[in-house]
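**Q** Below is model.cif; it holds mmCIF, C-alpha atoms and all ligand atoms.
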data_input
#
loop_
_atom_site.label_atom_id
_atom_site.label_comp_id
_atom_site.auth_asym_id
_atom_site.auth_seq_id
_atom_site.Cartn_x
_atom_site.Cartn_y
_atom_site.Cartn_z
CA MET M 1 0.00 0.00 0.00
CA THR M 2 1.41 3.38 -0.93
CA GLY M 3 -1.07 5.54 0.95
CA ALA M 4 -4.37 6.91 -0.19
CA LYS M 5 -4.64 9.54 -2.87
CA LEU M 6 -5.67 12.73 -1.14
CA GLN M 7 -9.25 13.76 -1.70
CA LEU M 8 -9.24 16.77 -3.98
CA PRO M 9 -11.88 19.43 -3.48
CA VAL M 10 -14.50 20.17 -6.15
CA ARG M 11 -11.90 22.13 -8.12
CA LYS M 12 -10.80 18.79 -9.57
CA GLU M 13 -13.71 18.93 -12.02
CA ILE M 14 -12.80 22.38 -13.31
CA THR M 15 -10.56 22.88 -16.33
CA MET M 16 -7.46 24.68 -15.12
CA ARG M 17 -4.59 26.36 -16.89
CA PHE M 18 -1.02 25.63 -15.86
CA GLU M 19 -0.64 28.54 -13.40
CA THR M 20 -3.85 27.52 -11.63
CA LYS M 21 -2.85 23.86 -11.48
CA ALA M 22 0.51 24.85 -9.96
CA ILE M 23 -1.41 26.34 -7.02
CA HIS M 24 -4.34 23.95 -6.63
CA CYS M 25 -3.37 20.49 -7.86
CA GLY M 26 -2.48 17.66 -5.52
CA ARG M 27 -3.95 19.42 -2.52
CA GLY M 28 -6.91 21.45 -1.43
CA VAL M 29 -8.12 23.34 1.60
CA ASP M 30 -7.63 21.00 4.59
CA ALA M 31 -11.01 19.47 5.36
CA SER M 32 -10.48 19.16 9.11
CA THR M 33 -9.11 22.66 9.82
CA GLY M 34 -9.84 24.85 6.81
CA ALA M 35 -6.08 25.49 6.43
CA VAL M 36 -5.33 26.92 2.99
CA SER M 37 -1.67 25.91 3.05
CA MET M 38 -1.07 22.17 2.75
CA PRO M 39 -0.23 20.89 6.26
CA LEU M 40 3.23 19.47 6.94
CA HIS M 41 2.69 15.91 8.14
CA THR M 42 5.74 14.68 10.01
CA SER M 43 4.12 11.67 11.70
CA THR M 44 5.95 8.50 10.78
CA THR M 45 3.05 6.22 11.62
CA PHE M 46 -0.74 6.24 11.34
CA GLU M 47 -3.32 4.59 13.57
CA ARG M 48 -5.07 1.37 12.54
CA GLY M 49 -8.78 0.90 13.05
CA ALA M 50 -10.12 -1.49 15.72
CA ASN M 51 -10.72 -4.03 12.97
CA GLY M 52 -7.11 -3.80 11.75
CA SER M 53 -7.86 -1.63 8.74
CA PHE M 54 -6.11 1.62 7.84
CA PRO M 55 -9.02 4.06 7.71
CA SER M 56 -6.90 7.03 6.54
CA GLY M 57 -5.17 4.98 3.86
CA PHE M 58 -1.83 5.72 5.53
CA GLU M 59 0.21 3.20 7.47
CA TYR M 60 3.90 4.12 7.70
CA THR M 61 5.49 7.20 6.22
CA ARG M 62 8.06 5.41 4.04
CA ASP M 63 5.11 3.76 2.23
CA GLY M 64 3.05 6.91 1.97
CA ASN M 65 2.90 10.32 3.63
CA PRO M 66 0.13 12.88 3.09
CA THR M 67 2.49 15.78 2.33
CA ARG M 68 4.66 13.66 0.03
CA ASN M 69 1.61 12.22 -1.73
CA ALA M 70 0.38 15.77 -2.35
CA PHE M 71 3.71 16.76 -3.90
CA GLU M 72 3.75 13.61 -6.03
CA ALA M 73 0.19 14.24 -7.21
CA ALA M 74 0.93 17.90 -7.98
CA MET M 75 4.00 16.97 -10.05
CA ALA M 76 2.07 14.26 -11.90
CA THR M 77 -0.61 16.77 -12.87
CA LEU M 78 1.84 19.46 -13.96
CA GLU M 79 3.85 17.07 -16.15
CA GLY M 80 0.68 15.52 -17.58
CA GLY M 81 1.40 12.10 -16.05
CA GLU M 82 -0.53 9.66 -13.90
CA ASP M 83 1.74 9.24 -10.90
CA GLY M 84 4.76 10.84 -9.27
CA ILE M 85 7.32 9.03 -7.14
CA ALA M 86 9.39 11.35 -4.92
CA PHE M 87 12.92 10.56 -3.74
CA ALA M 88 15.42 12.10 -1.32
CA SER M 89 17.35 13.79 -4.15
CA GLY M 90 17.53 14.03 -7.90
CA MET M 91 20.36 11.48 -7.88
CA ALA M 92 18.23 9.02 -5.87
CA ALA M 93 15.52 9.45 -8.52
CA ILE M 94 18.01 8.82 -11.35
CA ALA M 95 19.47 5.73 -9.66
CA ALA M 96 15.92 4.46 -9.13
CA VAL M 97 15.12 4.86 -12.85
CA PHE M 98 18.29 3.00 -13.86
CA GLU M 99 17.43 0.19 -11.43
CA SER M 100 13.77 0.06 -12.49
CA HIS M 101 13.96 -0.22 -16.22
CA PRO M 102 12.63 -3.62 -17.16
CA SER M 103 15.42 -5.05 -19.30
CA ALA M 104 18.95 -5.01 -17.97
CA GLY M 105 20.30 -4.03 -21.39
CA ARG M 106 22.25 -1.03 -22.55
CA ILE M 107 21.52 2.46 -21.23
CA VAL M 108 22.23 5.12 -23.86
CA LEU M 109 22.85 8.56 -22.42
CA PRO M 110 24.02 11.99 -23.59
CA ASP M 111 27.74 12.72 -23.86
CA ASP M 112 27.00 16.12 -22.32
CA MET M 113 24.95 15.70 -19.14
CA TYR M 114 24.71 16.37 -15.43
CA PHE M 115 28.09 15.37 -14.02
CA GLY M 116 26.61 13.47 -11.05
CA ILE M 117 25.44 10.71 -13.42
CA ARG M 118 28.99 10.14 -14.57
CA SER M 119 30.07 9.86 -10.91
CA LEU M 120 27.17 7.48 -10.16
CA ILE M 121 28.37 5.22 -12.99
CA GLU M 122 32.06 5.43 -12.14
CA GLU M 123 31.91 5.25 -8.38
CA THR M 124 29.03 2.91 -7.51
CA ASP M 125 27.94 -0.57 -8.54
CA ILE M 126 25.43 0.96 -10.99
CA GLY M 127 28.32 1.29 -13.44
CA SER M 128 28.99 -2.45 -13.61
CA ARG M 129 25.33 -3.47 -13.71
CA PHE M 130 24.53 -1.83 -17.05
CA ASP M 131 26.30 -1.13 -20.30
CA PHE M 132 26.35 2.66 -20.51
CA ALA M 133 26.82 4.14 -23.97
CA PRO M 134 27.29 7.91 -24.22
CA VAL M 135 26.28 9.57 -27.50
CA ASP M 136 25.78 13.09 -28.86
CA MET M 137 21.99 13.00 -29.32
CA ARG M 138 22.00 16.01 -31.64
CA ASP M 139 23.19 13.40 -34.14
CA LEU M 140 20.13 11.17 -34.56
CA ASP M 141 21.99 8.68 -36.79
CA ALA M 142 24.59 8.19 -34.06
CA LEU M 143 21.79 7.68 -31.56
CA ARG M 144 20.07 5.12 -33.83
CA ALA M 145 23.35 3.24 -34.18
CA ALA M 146 23.86 3.23 -30.40
CA VAL M 147 20.39 1.85 -29.63
CA THR M 148 20.37 -0.75 -32.39
CA SER M 149 23.94 -2.09 -32.22
CA LYS M 150 23.19 -3.70 -28.86
CA ARG M 151 19.94 -4.51 -27.03
CA THR M 152 19.00 -1.23 -25.35
CA GLY M 153 16.59 -0.87 -22.44
CA LEU M 154 16.72 2.83 -21.76
CA VAL M 155 17.57 6.11 -23.47
CA TRP M 156 18.31 8.90 -20.98
CA VAL M 157 17.70 12.41 -22.31
CA GLU M 158 18.79 15.77 -20.91
CA THR M 159 17.83 19.00 -22.67
CA PRO M 160 19.08 21.69 -22.40
CA SER M 161 22.25 19.88 -21.33
CA ASN M 162 24.89 20.58 -18.74
CA PRO M 163 27.25 22.42 -19.15
CA MET M 164 27.21 22.92 -22.96
CA ILE M 165 23.52 23.98 -23.03
CA ARG M 166 22.74 21.74 -26.02
CA VAL M 167 19.16 21.27 -27.12
CA VAL M 168 18.10 17.87 -28.44
CA ASP M 169 14.90 16.78 -30.17
CA ILE M 170 12.84 14.97 -27.52
CA ALA M 171 10.16 13.68 -29.94
CA ALA M 172 12.69 12.35 -32.45
CA ILE M 173 14.80 10.70 -29.75
CA CYS M 174 11.74 9.03 -28.18
CA ALA M 175 10.68 7.71 -31.60
CA ILE M 176 14.13 6.17 -32.16
CA ALA M 177 14.08 4.63 -28.67
CA HIS M 178 10.63 3.15 -29.26
CA GLU M 179 11.61 1.66 -32.64
CA ALA M 180 14.22 -0.29 -30.69
CA ASP M 181 11.74 -1.20 -27.91
CA ALA M 182 13.64 0.95 -25.44
CA LEU M 183 12.14 3.42 -22.99
CA ALA M 184 13.03 7.12 -23.14
CA VAL M 185 13.26 9.11 -19.92
CA VAL M 186 13.82 12.88 -19.88
CA ASP M 187 15.61 14.80 -17.14
CA ASN M 188 13.40 17.91 -17.19
CA THR M 189 15.17 19.68 -14.31
CA TRP M 190 16.48 22.60 -16.37
CA ALA M 191 13.37 23.21 -18.45
CA THR M 192 10.63 22.39 -15.91
CA PRO M 193 7.07 21.62 -17.09
CA VAL M 194 6.65 25.37 -17.70
CA LEU M 195 9.00 25.23 -20.71
CA GLN M 196 8.44 21.72 -22.07
CA LEU M 197 6.23 18.68 -21.41
CA PRO M 198 8.18 15.59 -22.53
CA LEU M 199 5.36 13.12 -21.75
CA GLU M 200 3.21 14.85 -24.39
CA ILE M 201 5.80 14.22 -27.09
CA GLY M 202 6.67 10.61 -26.42
CA ALA M 203 8.72 10.31 -23.23
CA ASP M 204 8.03 7.30 -21.04
CA ALA M 205 8.90 9.16 -17.84
CA VAL M 206 10.15 12.55 -16.70
CA MET M 207 12.62 13.07 -13.88
CA HIS M 208 13.35 16.20 -11.83
CA SER M 209 15.84 17.34 -9.31
CA ALA M 210 13.24 19.31 -7.32
CA THR M 211 16.25 20.81 -5.54
CA LYS M 212 16.45 23.27 -8.42
CA TYR M 213 13.58 25.25 -10.01
CA ILE M 214 10.72 23.27 -8.42
CA GLY M 215 11.84 24.28 -4.92
CA GLY M 216 13.21 27.47 -6.37
CA HIS M 217 14.92 28.91 -3.31
CA SER M 218 18.05 26.74 -2.82
CA ASP M 219 16.69 25.35 0.43
CA LEU M 220 15.43 21.81 -0.16
CA MET M 221 16.67 18.57 -1.67
CA ALA M 222 14.34 16.15 -3.44
CA GLY M 223 13.88 14.28 -6.69
CA VAL M 224 10.78 13.02 -8.44
CA VAL M 225 9.92 10.79 -11.39
CA ILE M 226 6.59 11.21 -13.19
CA VAL M 227 5.14 8.32 -15.17
CA PRO M 228 2.12 8.12 -17.47
CA ASN M 229 -0.78 5.71 -17.01
CA ALA M 230 0.17 2.00 -17.17
CA SER M 231 3.90 2.74 -17.31
CA PRO M 232 6.16 -0.31 -16.96
CA LEU M 233 8.32 1.92 -14.72
CA GLY M 234 5.52 2.85 -12.31
CA ARG M 235 5.48 -0.14 -9.99
CA PRO M 236 9.25 -0.85 -10.02
CA LEU M 237 9.95 2.81 -9.13
CA ARG M 238 7.42 2.68 -6.29
CA MET M 239 9.06 -0.50 -4.99
CA VAL M 240 12.56 1.03 -5.12
CA GLN M 241 11.23 4.08 -3.27
CA LYS M 242 9.45 2.02 -0.64
CA HIS M 243 11.93 -0.79 -0.03
CA LYS M 244 15.27 0.91 -0.69
CA GLY M 245 13.82 3.77 1.30
CA SER M 246 15.34 6.85 -0.29
CA VAL M 247 12.12 8.82 0.18
CA ALA M 248 11.70 12.59 0.01
CA ALA M 249 11.28 14.06 3.50
CA PRO M 250 7.90 15.61 4.36
CA PHE M 251 9.41 19.05 5.00
CA ASP M 252 11.19 19.03 1.64
CA CYS M 253 7.93 18.03 -0.05
CA TRP M 254 6.15 20.82 1.79
CA LEU M 255 8.74 23.33 0.59
CA ALA M 256 8.49 21.93 -2.93
CA LEU M 257 4.69 22.33 -2.87
CA ARG M 258 5.22 25.92 -1.79
CA GLY M 259 7.75 26.47 -4.57
CA LEU M 260 5.46 24.96 -7.20
CA GLN M 261 2.87 27.68 -6.64
CA THR M 262 5.18 30.35 -8.04
CA LEU M 263 6.99 28.13 -10.58
CA PRO M 264 5.29 29.59 -13.69
CA VAL M 265 5.91 33.23 -12.73
CA ARG M 266 9.42 32.52 -11.51
CA MET M 267 10.33 30.67 -14.71
CA ARG M 268 9.16 33.53 -16.90
CA ALA M 269 11.24 36.01 -14.90
CA HIS M 270 14.29 33.68 -14.84
CA CYS M 271 14.11 33.26 -18.62
CA GLU M 272 13.64 36.97 -19.33
CA GLY M 273 16.68 37.77 -17.21
CA ALA M 274 18.77 35.06 -18.85
CA GLN M 275 18.00 36.44 -22.32
CA LYS M 276 19.29 39.89 -21.28
CA VAL M 277 22.39 38.43 -19.64
CA ALA M 278 23.14 36.26 -22.70
CA GLU M 279 22.79 39.22 -25.10
CA ALA M 280 25.05 41.43 -22.99
CA LEU M 281 27.71 38.70 -22.68
CA ALA M 282 27.54 37.95 -26.42
CA SER M 283 28.53 41.53 -27.22
CA HIS M 284 31.49 41.59 -24.83
CA PRO M 285 34.90 41.42 -26.54
CA ARG M 286 36.43 39.20 -23.84
CA VAL M 287 33.69 36.60 -24.25
CA GLU M 288 34.58 34.07 -26.95
CA LYS M 289 31.22 32.38 -27.03
CA VAL M 290 27.88 32.33 -25.25
CA LEU M 291 26.05 29.01 -25.13
CA PHE M 292 22.35 29.83 -24.85
CA PRO M 293 19.52 28.72 -27.17
CA GLY M 294 17.81 32.11 -26.86
CA LEU M 295 20.51 33.62 -29.07
CA GLN M 296 19.62 33.41 -32.77
CA THR M 297 23.16 32.33 -33.60
CA ASP M 298 22.98 29.34 -31.23
CA PRO M 299 22.84 25.94 -32.99
CA GLY M 300 19.93 24.92 -30.74
CA HIS M 301 17.86 28.06 -31.40
CA ASP M 302 15.43 26.72 -34.03
CA LEU M 303 14.78 23.48 -32.19
CA ALA M 304 14.33 25.29 -28.87
CA THR M 305 11.88 27.69 -30.55
CA ARG M 306 9.76 24.69 -31.58
CA GLN M 307 10.21 22.56 -28.48
CA MET M 308 10.24 25.02 -25.58
CA SER M 309 7.96 27.87 -24.53
CA HIS M 310 10.97 29.91 -23.32
CA PHE M 311 14.70 29.36 -23.74
CA GLY M 312 15.54 28.56 -20.12
CA ALA M 313 17.69 30.44 -17.64
CA MET M 314 20.88 28.40 -17.68
CA LEU M 315 23.71 29.66 -19.85
CA SER M 316 27.41 29.09 -20.22
CA PHE M 317 30.01 31.44 -21.65
CA ILE M 318 33.62 31.00 -22.58
CA VAL M 319 36.03 33.66 -21.39
CA GLU M 320 39.02 34.52 -23.53
CA GLY M 321 42.25 33.32 -21.88
CA GLY M 322 41.20 29.93 -20.50
CA ALA M 323 40.73 28.63 -16.97
CA ASP M 324 42.77 31.26 -15.09
CA ALA M 325 40.97 34.12 -16.83
CA ALA M 326 37.57 32.53 -16.17
CA MET M 327 38.37 31.96 -12.48
CA ALA M 328 39.53 35.58 -12.20
CA VAL M 329 36.25 36.84 -13.71
CA ALA M 330 34.24 34.72 -11.26
CA GLY M 331 36.46 35.98 -8.44
CA ARG M 332 35.58 39.63 -9.17
CA LEU M 333 31.80 39.19 -9.02
CA LYS M 334 30.00 41.02 -6.23
CA ILE M 335 26.36 40.01 -6.67
CA VAL M 336 26.46 36.72 -8.58
CA VAL M 337 27.40 34.04 -6.05
CA ARG M 338 30.19 31.51 -6.77
CA ALA M 339 28.41 28.27 -5.94
CA THR M 340 27.25 25.09 -7.58
CA SER M 341 23.58 24.25 -8.22
CA LEU M 342 20.91 26.28 -9.95
CA GLY M 343 17.29 27.29 -10.11
CA GLY M 344 17.12 29.48 -7.00
CA THR M 345 16.49 33.19 -6.56
CA HIS M 346 20.22 33.97 -6.29
CA SER M 347 22.22 34.06 -9.51
CA LEU M 348 24.98 31.46 -9.25
CA ILE M 349 28.15 31.07 -11.29
CA GLU M 350 30.35 28.05 -11.55
CA HIS M 351 33.65 27.14 -13.17
CA ARG M 352 32.63 23.64 -14.29
CA ALA M 353 36.08 22.31 -15.27
CA SER M 354 37.51 22.78 -11.77
CA VAL M 355 34.34 21.51 -10.07
CA GLU M 356 34.26 18.37 -12.21
CA GLY M 357 37.96 17.59 -11.80
CA ALA M 358 40.45 15.82 -14.05
CA LYS M 359 37.86 13.90 -16.07
CA SER M 360 35.87 17.01 -16.96
CA LYS M 361 35.21 17.69 -20.63
CA ALA M 362 34.14 21.28 -19.91
CA PRO M 363 36.30 23.90 -21.68
CA GLY M 364 38.73 25.62 -19.26
CA GLY M 365 37.33 29.07 -19.97
CA LEU M 366 33.72 28.03 -19.43
CA LEU M 367 31.61 29.62 -16.73
CA ARG M 368 28.05 28.44 -16.19
CA ILE M 369 25.44 30.81 -14.82
CA SER M 370 22.07 30.10 -13.28
CA VAL M 371 20.33 33.43 -13.80
CA GLY M 372 18.38 34.23 -10.64
CA LEU M 373 15.62 36.67 -9.90
CA GLU M 374 17.65 39.78 -9.12
CA HIS M 375 17.09 42.73 -11.47
CA PRO M 376 18.63 41.57 -14.77
CA GLN M 377 20.49 44.87 -15.17
CA ASP M 378 22.25 44.33 -11.83
CA ILE M 379 23.40 40.89 -12.99
CA VAL M 380 24.59 42.34 -16.30
CA ASP M 381 26.41 45.22 -14.55
CA ASP M 382 28.11 42.79 -12.17
CA LEU M 383 29.29 40.56 -15.03
CA MET M 384 30.49 43.55 -17.04
CA GLN M 385 32.56 44.95 -14.15
CA ALA M 386 34.01 41.47 -13.57
CA LEU M 387 34.93 41.13 -17.25
CA GLY M 388 36.74 44.46 -17.23
CA GLU M 389 36.02 48.13 -16.88
CA THR M 390 37.15 48.94 -20.40
CA CYS M 391 34.47 46.91 -22.09
CA LYS M 392 31.13 48.64 -21.80
CA ALA M 393 29.78 47.38 -25.08
CA GLY M 394 26.45 45.67 -24.85
CA VAL M 395 25.26 47.16 -21.59
CA GLN M 396 21.77 48.52 -22.14
C1 LIG M 401 21.03 18.84 -9.84
C2 LIG M 401 20.69 17.97 -10.98
C3 LIG M 401 20.53 16.59 -10.80
C4 LIG M 401 20.77 15.91 -9.46
O1 LIG M 401 19.86 16.33 -8.47
P1 LIG M 401 20.20 16.38 -6.89
O2 LIG M 401 18.91 16.88 -6.31
O3 LIG M 401 21.37 17.30 -6.72
O4 LIG M 401 20.52 14.99 -6.47
C5 LIG M 401 20.20 15.85 -11.90
N1 LIG M 401 20.03 16.39 -13.12
C6 LIG M 401 20.18 17.71 -13.32
C7 LIG M 401 19.99 18.27 -14.70
C8 LIG M 401 20.51 18.55 -12.27
O5 LIG M 401 20.68 19.86 -12.49
#
Any chance you could put this one into structure tokens?
Ligand SMILES: *Cc1c(COP(=O)(O)O)cnc(C)c1O

**A**
Amino acid sequence: MTGAKLQLPVRKEITMRFETKAIHCGRGVDASTGAVSMPLHTSTTFERGANGSFPSGFEYTRDGNPTRNAFEAAMATLEGGEDGIAFASGMAAIAAVFESHPSAGRIVLPDDMYFGIRSLIEETDIGSRFDFAPVDMRDLDALRAAVTSKRTGLVWVETPSNPMIRVVDIAAICAIAHEADALAVVDNTWATPVLQLPLEIGADAVMHSATKYIGGHSDLMAGVVIVPNASPLGRPLRMVQKHKGSVAAPFDCWLALRGLQTLPVRMRAHCEGAQKVAEALASHPRVEKVLFPGLQTDPGHDLATRQMSHFGAMLSFIVEGGADAAMAVAGRLKIVVRATSLGGTHSLIEHRASVEGAKSKAPGGLLRISVGLEHPQDIVDDLMQALGETCKAGVQ
């Protein structure tokens, strides 16, 4: 038993747009108290009836918790899926997907992707249990060759990618996976359901690090996988969650539910700011290249225009002069914070090559920015002063 689905109020019957769903779905006004905010349920255990039944539908919090169930239901609705399964972190969610896919065949994944997956493969037993094949998924022929040359169970998709901000064609990749009887799962952490809905265009599941935009304030850690109706991943994921026990904590789910309510407005503001920052950086003489699909010159621009509702708020840029020059630029910033992670209100900058270590494929001069919710002009001004006083070009 995974705990009862929460009873939704009458609003369930009403057609809602995304912004409204982000506030109302998965939870309603608390029937017993009238509380508008979803209560935080920290109880680990729930009373049985005199006859041995579980009248509330809840038994033990690892199996099901009212606050976690509400977060899972809200995420399922927003991604257009049937069920959500919430984990203690994005990495726990990813490991659960790898362990849950029905055939133990090859897992094809992007050659540019969240670095933690590479560490999961190299430093835990996950690496020896599957045959991982990295491929540049912008090249659909290369992808087709990778999934057909050996029995493939899963294609892992990340778009836009980290740290090269590549955009890949979700629908085309899912079609190629399905031709080979493989499942396609999309890491939608960077785009969020505000910018793209992978389940609508063929994905078999969507995964999030809710630590990022879903929470939105750099103060929680959780992961979640959303599956459509009758997914072969649904039950195995629930069993990994329940029996391996890497469940999302109630407080983190409560914070994530709070974050979800402002996700659509935050994403629009994040993306607007990122566009301004990208344009300013692109006109700076010490910047060799800006990687951001919102720029018309970016190789991912046309695809992103079709696939996404906005271009995202993650961008990378390459500073002239390599690693030392890039580190020096980051070192001069006064507002943008030098820290890993993304998706919060604070703009964050990171020198990926030094964070990732010797095996990093990130260019030495590359800095990655998560554009936060400060005034975009303040972020631009801070970057311009860090790049050098002499270069005022591009500042609006
Ligand atoms: C952060 C992140 C993860 C991992 O999530 P955690 O919550 O840190 O475990 C996975 N994928 C992407 C794209 C991320 O940004």

**Q** Using all atoms listed in the file, tabulate the residues of chain M lying at most 8 Å from any atom of ligand LIG 401 (chain M), each with its closest atom pair and that distance in Å to one decimal, by chain and increasing residue number, as a tab-separated table.

**A**
residue	atom	partner	partner_atom	distance
M:Ala88	CA	M:LIG401	O2	7.7
M:Ser89	CA	M:LIG401	O2	4.1
M:Gly90	CA	M:LIG401	O1	3.3
M:Met91	CA	M:LIG401	O4	3.8
M:Ala92	CA	M:LIG401	O4	6.4
M:Ala93	CA	M:LIG401	O4	7.7
M:Ile94	CA	M:LIG401	C5	7.4
M:Met113	CA	M:LIG401	C7	7.1
M:Tyr114	CA	M:LIG401	C7	5.1
M:Gly116	CA	M:LIG401	C4	6.5
M:Ile117	CA	M:LIG401	C5	7.5
M:Glu158	CA	M:LIG401	C7	6.8
M:Ser161	CA	M:LIG401	C7	7.2
M:Asn162	CA	M:LIG401	C7	6.8
M:Asp187	CA	M:LIG401	C7	6.1
M:Asn188	CA	M:LIG401	C7	7.1
M:Thr189	CA	M:LIG401	C7	5.0
M:Trp190	CA	M:LIG401	C7	5.8
M:His208	CA	M:LIG401	N1	6.8
M:Ser209	CA	M:LIG401	O1	4.2
M:Ala210	CA	M:LIG401	O2	6.3
M:Thr211	CA	M:LIG401	O2	4.8
M:Lys212	CA	M:LIG401	C1	6.5
M:Met221	CA	M:LIG401	O2	5.4
M:Ala222	CA	M:LIG401	O2	5.4
M:Gly223	CA	M:LIG401	O2	5.7
M:Ser341	CA	M:LIG401	C1	6.2
M:Leu342	CA	M:LIG401	O5	6.9

**Q** Have a look at M:Leu195, M:Leu348, M:Val265, M:Ala280 and name the one nearest to Gly312 of chain M; count only C-alpha atoms.

**A**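 So, comparing all the options, the nearest one is M:Leu195.
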
**Q** Would you work out the distance separating atom CA of Met207 of chain M from atom CA of Gly105 of chain M, expressed in Å to one decimal?

**A**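 It comes out at 20.2 Å.
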
**Q** Please measure the separation of atom CA of Met239 of chain M and atom CA of Asp83 of chain M, giving the value in Å to one decimal.

**A**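 If I compute the distance from atom CA of Met239 of chain M to atom CA of Asp83 of chain M, I get 13.5 Å.
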
**Q** Near Arg352 of chain M, counting all atoms listed in the file, which residues have an atom at most 7 Å away, once you skip same-chain residues fewer than 6 positions from it, shown as a VMD selection string?

**A** chain M and resid 362 366 to 368

**Q** Using the selection just defined, write its residues with C-alpha atoms as a short mmCIF file (atom, residue, chain, number, x, y, z; two decimals), in the frame of the given file.

**A**
data_model
loop_
_atom_site.label_atom_id
_atom_site.label_comp_id
_atom_site.auth_asym_id
_atom_site.auth_seq_id
_atom_site.Cartn_x
_atom_site.Cartn_y
_atom_site.Cartn_z
CA ALA M 362 34.14 21.28 -19.91
CA LEU M 366 33.72 28.03 -19.43
CA LEU M 367 31.61 29.62 -16.73
CA ARG M 368 28.05 28.44 -16.19
#

**Q** With a cut-off of 12 Å, could you pull out the residues of segment 69-115 of chain M touching segment 168-176 of chain M and give me the nearest pair of atoms for each, distance in Å to one decimal, using all atoms listed in the file, ordered by chain and ascending number, as a tab-separated table?

**A**
residue	atom	partner	partner_atom	distance
M:Val108	CA	M:Ile173	CA	11.0
M:Leu109	CA	M:Ile173	CA	11.1
M:Pro110	CA	M:Val168	CA	9.7
M:Asp111	CA	M:Val168	CA	11.9
M:Asp112	CA	M:Val168	CA	10.9
M:Met113	CA	M:Val168	CA	11.8

**Q** Using all atoms listed in the file, collect all residues at a distance of at most 7 Å from (0.3, 12.0, -5.1) as written in the file, then present them as a ChimeraX atom specification.

**A** /M:5,26,68-74,83-84

**Q** Store the residues of this selection in a file with C-alpha atoms, as an mmCIF file, in the coordinates of the input.

**A**
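Produced file again.cif, reproduced below:
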data_model
loop_
_atom_site.group_PDB
_atom_site.id
_atom_site.type_symbol
_atom_site.label_atom_id
_atom_site.label_comp_id
_atom_site.auth_asym_id
_atom_site.auth_seq_id
_atom_site.Cartn_x
_atom_site.Cartn_y
_atom_site.Cartn_z
ATOM 1 C CA LYS M 5 -4.640 9.540 -2.870
ATOM 2 C CA GLY M 26 -2.480 17.660 -5.520
ATOM 3 C CA ARG M 68 4.660 13.660 0.030
ATOM 4 C CA ASN M 69 1.610 12.220 -1.730
ATOM 5 C CA ALA M 70 0.380 15.770 -2.350
ATOM 6 C CA PHE M 71 3.710 16.760 -3.900
ATOM 7 C CA GLU M 72 3.750 13.610 -6.030
ATOM 8 C CA ALA M 73 0.190 14.240 -7.210
ATOM 9 C CA ALA M 74 0.930 17.900 -7.980
ATOM 10 C CA ASP M 83 1.740 9.240 -10.900
ATOM 11 C CA GLY M 84 4.760 10.840 -9.270
#

**Q** Taking all atoms listed in the file into account, which of M:Leu154, M:Ala191, M:Val167, M:Leu373 comes nearest Glu99 of chain M?

**A** M:Leu154

**Q** I'd like the contact shell of segment 78-81 of chain M - 7 Å cut-off, all atoms listed in the file, skipping same-chain residues fewer than 6 positions apart - returned as a PDB file with C-alpha atoms, in the coordinates of the input.

**A**
ATOM      1  CA  LYS M  21      -2.850  23.860 -11.480  1.00  0.00           C
ATOM      2  CA  ALA M  22       0.510  24.850  -9.960  1.00  0.00           C
ATOM      3  CA  PRO M 193       7.070  21.620 -17.090  1.00  0.00           C
ATOM      4  CA  LEU M 197       6.230  18.680 -21.410  1.00  0.00           C
ATOM      5  CA  LEU M 199       5.360  13.120 -21.750  1.00  0.00           C
ATOM      6  CA  ILE M 226       6.590  11.210 -13.190  1.00  0.00           C
ATOM      7  CA  VAL M 227       5.140   8.320 -15.170  1.00  0.00           C
ATOM      8  CA  PRO M 228       2.120   8.120 -17.470  1.00  0.00           C
ATOM      9  CA  ASN M 229      -0.780   5.710 -17.010  1.00  0.00           C
TER      10      ASN M 229
END
